[in-house]
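Here is protein33.txt, consisting of compact mmCIF, C-alpha atoms:
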# COMPACT_ATOMS: atom_id res chain seq x y z
CA MET B 1479 117.75 75.12 86.19
CA SER B 1480 116.57 77.78 88.62
CA LYS B 1481 113.15 79.39 88.52
CA PRO B 1482 112.94 83.01 87.42
CA VAL B 1483 112.56 85.40 90.35
CA LYS B 1484 109.27 87.24 90.30
CA LEU B 1485 109.79 90.78 91.51
CA PRO B 1486 107.08 92.41 93.57
CA GLN B 1487 105.14 95.21 91.94
CA ILE B 1488 102.91 97.88 93.35
CA VAL B 1489 99.61 97.98 91.48
CA LYS B 1490 97.56 100.50 93.47
CA ILE B 1491 97.82 103.18 96.13
CA ASN B 1492 94.93 102.74 98.57
CA TRP B 1493 95.53 105.71 100.84
CA ILE B 1494 98.14 108.19 102.04
CA LYS B 1495 98.14 109.39 105.65
CA ASP B 1496 100.95 111.56 106.99
CA LEU B 1497 104.08 109.68 105.91
CA SER B 1498 102.44 106.27 105.57
CA ILE B 1499 101.05 104.72 102.41
CA SER B 1500 98.80 101.71 101.93
CA VAL B 1501 99.45 99.92 98.66
CA ASP B 1502 98.34 96.76 96.90
CA PHE B 1503 101.11 94.49 95.62
CA ASN B 1504 100.75 92.12 92.68
CA ASN B 1505 100.78 89.18 95.12
CA GLY B 1506 97.33 90.30 96.34
CA GLU B 1507 98.52 91.76 99.63
CA SER B 1508 97.62 95.17 100.92
CA ARG B 1509 100.57 96.52 102.86
CA ILE B 1510 101.35 99.65 104.85
CA ILE B 1511 104.69 101.38 104.33
CA ASP B 1512 105.88 103.72 107.08
CA PHE B 1513 108.16 106.21 105.36
CA ARG B 1514 109.32 107.83 108.59
CA ALA B 1515 111.34 104.67 109.22
CA ILE B 1516 112.58 104.47 105.62
CA LEU B 1517 113.62 108.14 105.49
CA LYS B 1518 115.33 107.77 108.87
CA LYS B 1519 117.39 104.82 107.57
CA LEU B 1520 118.56 106.99 104.66
CA SER B 1521 120.26 109.35 107.14
CA LEU B 1522 119.26 112.40 105.13
CA THR B 1523 120.87 115.77 105.56
CA PRO B 1524 118.65 118.88 105.41
CA GLU B 1525 120.25 119.73 102.04
CA SER B 1526 119.23 116.41 100.50
CA PRO B 1527 116.46 116.78 97.91
CA ILE B 1528 114.79 113.69 99.41
CA ALA B 1529 114.41 115.48 102.76
CA MET B 1530 111.51 117.43 101.26
CA LEU B 1531 109.41 114.26 101.60
CA TYR B 1532 109.12 114.97 105.32
CA ALA B 1533 106.59 117.64 104.27
CA THR B 1534 103.29 115.75 103.99
CA ASP B 1535 102.05 117.89 101.06
CA GLU B 1536 105.18 116.98 99.06
CA PHE B 1537 105.04 113.36 100.20
CA ALA B 1538 101.41 113.09 99.00
CA LYS B 1539 102.50 113.81 95.40
CA VAL B 1540 103.55 110.18 95.07
CA LYS B 1541 102.52 108.29 91.93
CA ILE B 1542 103.03 104.75 90.67
CA SER B 1543 105.66 104.52 87.95
CA ASN B 1544 107.17 101.29 86.69
CA ASN B 1545 105.17 99.45 89.38
CA THR B 1546 106.87 101.23 92.26
CA LEU B 1547 106.38 104.50 94.13
CA SER B 1548 107.79 107.59 92.47
CA TRP B 1549 108.04 111.27 93.41
CA SER B 1550 108.64 113.42 90.33
CA ASN B 1551 108.70 116.47 92.63
CA VAL B 1552 111.95 115.23 94.18
CA GLU B 1553 114.76 115.88 91.78
CA GLN B 1554 117.67 113.50 91.69
CA ARG B 1555 120.53 113.82 89.28
CA ILE B 1556 122.57 110.88 88.06
CA PRO B 1557 126.10 111.88 87.01
CA PHE B 1558 127.96 110.26 84.14
CA ARG B 1559 131.70 109.97 83.52
CA ASN B 1560 131.53 112.61 80.79
CA HIS B 1561 130.28 115.07 83.47
CA SER B 1562 126.75 115.18 82.10
CA THR B 1563 123.79 114.41 84.33
CA ILE B 1564 120.21 113.33 83.88
CA ARG B 1565 117.28 114.19 86.09
CA VAL B 1566 115.25 111.28 87.47
CA PRO B 1567 112.42 111.14 90.01
CA PHE B 1568 113.04 109.66 93.45
CA GLU B 1569 111.98 106.02 93.54
CA ILE B 1570 112.50 103.12 95.91
CA GLY B 1571 112.31 99.62 94.48
CA ALA B 1572 109.14 97.66 95.15
CA ASP B 1573 111.24 94.81 96.57
CA VAL B 1574 112.61 97.15 99.25
CA LEU B 1575 109.14 98.57 99.91
CA LEU B 1576 107.74 95.06 100.36
CA LYS B 1577 110.46 94.24 102.92
CA CYS B 1578 109.94 97.54 104.77
CA SER B 1579 106.17 97.20 104.98
CA LYS B 1580 103.70 95.31 107.11
CA LYS B 1581 100.55 93.56 106.07
CA GLU B 1582 97.45 95.69 106.32
CA ILE B 1583 94.72 93.82 108.14
CA SER B 1584 91.34 94.93 106.92
CA GLU B 1585 88.08 94.63 108.80
CA GLN B 1586 87.06 92.02 106.24
CA ASP B 1587 90.12 89.88 107.04
CA LEU B 1588 89.36 89.99 110.74
CA THR B 1589 85.65 89.39 110.27
CA ILE B 1590 85.98 86.11 108.35
CA GLY B 1591 87.97 84.42 111.13
CA ARG B 1592 85.65 85.69 113.84
CA LEU B 1593 82.52 84.73 111.92
CA LEU B 1594 83.83 81.25 111.26
CA GLN B 1595 84.78 80.71 114.90
CA LYS B 1596 81.42 82.00 116.13
CA ALA B 1597 79.49 79.75 113.72
CA ARG B 1598 81.63 76.72 114.60
CA MET B 1599 81.07 77.22 118.33
CA ALA B 1600 77.33 77.82 117.84
CA ASN B 1601 77.18 74.43 116.10
CA GLY B 1602 79.00 72.82 119.04
CA LEU B 1603 81.95 71.78 116.87
CA THR B 1604 85.63 71.63 117.71
CA GLN B 1605 88.18 72.82 115.18
CA GLN B 1606 89.01 69.16 114.54
CA ASP B 1607 85.32 68.31 113.90
CA LEU B 1608 85.00 71.17 111.42
CA ALA B 1609 88.26 70.23 109.70
CA VAL B 1610 87.20 66.61 109.20
CA MET B 1611 83.74 67.60 107.91
CA SER B 1612 85.15 70.14 105.45
CA GLY B 1613 88.24 68.25 104.27
CA THR B 1614 90.87 70.57 105.77
CA THR B 1615 93.12 70.33 108.81
CA ARG B 1616 92.59 71.54 112.37
CA SER B 1617 95.66 73.76 112.14
CA TYR B 1618 94.27 75.44 108.99
CA ILE B 1619 90.94 76.12 110.74
CA SER B 1620 92.90 77.57 113.66
CA ARG B 1621 94.99 79.81 111.38
CA ILE B 1622 91.84 81.16 109.70
CA GLU B 1623 90.08 81.79 113.01
CA ASN B 1624 93.17 83.59 114.33
CA ASP B 1625 93.63 85.63 111.14
CA LYS B 1626 96.99 84.01 110.45
CA SER B 1627 96.06 82.67 107.02
CA ASP B 1628 94.22 83.87 103.96
CA ILE B 1629 91.41 81.76 102.63
CA GLU B 1630 90.22 81.16 99.10
CA ILE B 1631 86.51 81.58 98.45
CA GLY B 1632 86.15 77.96 97.31
CA THR B 1633 87.71 76.71 100.55
CA LEU B 1634 85.57 79.05 102.63
CA ARG B 1635 82.46 77.78 100.80
CA ARG B 1636 83.44 74.17 101.52
CA ILE B 1637 84.02 74.90 105.22
CA VAL B 1638 80.75 76.82 105.58
CA GLU B 1639 78.53 74.54 103.49
CA SER B 1640 80.05 71.09 104.12
CA GLY B 1641 81.47 71.66 107.58
CA LEU B 1642 78.86 73.96 109.13
CA GLY B 1643 75.85 73.03 107.01
CA LYS B 1644 75.23 76.72 106.28
CA LYS B 1645 74.94 78.76 103.09
CA LEU B 1646 77.75 81.19 102.15
CA LEU B 1647 76.55 84.57 100.95
CA ILE B 1648 79.05 87.21 99.79
CA THR B 1649 78.16 90.81 99.03
CA ILE B 1650 80.11 93.71 97.59
CA LYS B 1651 79.09 97.17 98.68
Mind converting the file's structure to structure tokens?
Amino acid sequence: MSKPVKLPQIVKINWIKDLSISVDFNNGESRIIDFRAILKKLSLTPESPIAMLYATDEFAKVKISNNTLSWSNVEQRIPFRNHSTIRVPFEIGADVLLKCSKKEISEQDLTIGRLLQKARMANGLTQQDLAVMSGTTRSYISRIENDKSDIEIGTLRRIVESGLGKKLLITIK
């Protein structure tokens, strides 16, 4: 029996700048979506209602609806066989948005790896030494230091306290 597919969902808009949007997905990732590239792939004509999204003031009217991005200011009509139509807002599926986005690297993400590397080197430890002392692997320590892997707080605490002999302090401002 196959596992059910879990579809990505957008849970929050972090910021909008020009035709780019930073969003949080339900998998915990913050990602940046460049809509210039997406709109270009759509090969829009000037008459297309979607073309109005090239105007940054219209683009900024985006909202989250059904866990994806939606523009109610862009009118789309869906025709039916009986010649009736319904009006719907322009939306792109969150699965497409996830594929067309790139991970947003925050200062916090970069800082953890750098702080860990600096503390390890100050203690005169190799990545292998730190891995053995904290119960992880050298490759995992390397991925964290090079910002190629996320780290859970419990794991970070174990590396800092058991491996480095330091105390982990976390603040929220």
Just the residues within 6 Å of segment 1500-1508 of chain B, please, counting all atoms listed in the file, with nothing from its chain fewer than 6 positions along; format it as a ChimeraX atom specification. /B:1487-1493,1582
Could you check the closest approach to Tyr1532 of chain B for each of B:Ile1648, B:Ile1570, B:Leu1497, B:Ile1564 and tell me which residue wins, using only C-alpha atoms? B:Leu1497
Computed gap from atom CA of Lys1626 of chain B to atom CA of Lys1581 of chain B is 11.1 Å
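The residue that comes closest to Asp1607 of chain B, out of B:Ile1511, B:Met1530, B:Ile1619, B:Val1574 and on the basis of only C-alpha atoms, is B:Ile1619.
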Can you pull out every residue within 10 Å of Asp1496 of chain B, counting only C-alpha atoms, but drop anything in the same chain fewer than 4 positions away, and send it as JSON, numbers by chain? {"B": [1512, 1513, 1514, 1532, 1533, 1534, 1535, 1537, 1538]}
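For the set B:Pro1557, B:Pro1486, B:Pro1567, B:Pro1524, the residue with the smallest atom-to-atom gap to Val1540 of chain B is B:Pro1567, counting all atoms listed in the file.
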Using all atoms listed in the file, the shortest atom-to-atom distance to Ile1637 of chain B among B:Ser1498, B:Thr1546, B:Ser1579, B:Ser1612 belongs to B:Ser1612
Atom CA of Leu1575 of chain B to atom CA of Ile1516 of chain B, straight-line distance in Å: 8.9 Å
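The shortest atom-to-atom distance to Trp1549 of chain B, with only C-alpha atoms taken into account, belongs to B:Glu1569 out of B:Thr1649, B:Glu1569, B:Gly1602, B:Gln1595.
With all atoms listed in the file as the atoms that count, the minimum distance from Glu1623 of chain B to the choices B:Asn1551, B:Thr1563, B:Asn1545, B:Thr1589 is reached by B:Thr1589.
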So which residues fall inside 10 Å of (92.9, 81.8, 112.0) if we count only C-alpha atoms? Mind giving them as number ranges by chain? B: 1587-1588, 1590-1592, 1594-1595, 1617-1629
Within 10 Å of Asn1601 of chain B, counting all atoms listed in the file, which residues qualify if same-chain residues fewer than 6 places away don't, as an NGL selection string? :B and (1595 or 1608 or 1641-1643)
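The two atoms in question, atom CA of Ala1609 of chain B and atom CA of Lys1644 of chain B, are spaced 15.0 Å apart.
Neighbouring residues of Pro1527 of chain B at 9 Å or closer, counting only C-alpha atoms and skipping chain neighbours under 3 positions away, are Leu1522, Thr1523, Pro1524, Met1530, Leu1531, Val1552, Glu1553 and Gln1554 of chain B.
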Padding 4 Å on each side, edges along x, y and z: where is the centre of the box around the listed atoms of segment 1598-1609 of chain B, and how long are its edges in Å to one decimal? Output it as JSON.
{"center_x": 83.1, "center_y": 73.1, "center_z": 114.4, "size_x": 19.8, "size_y": 17.5, "size_z": 17.3}
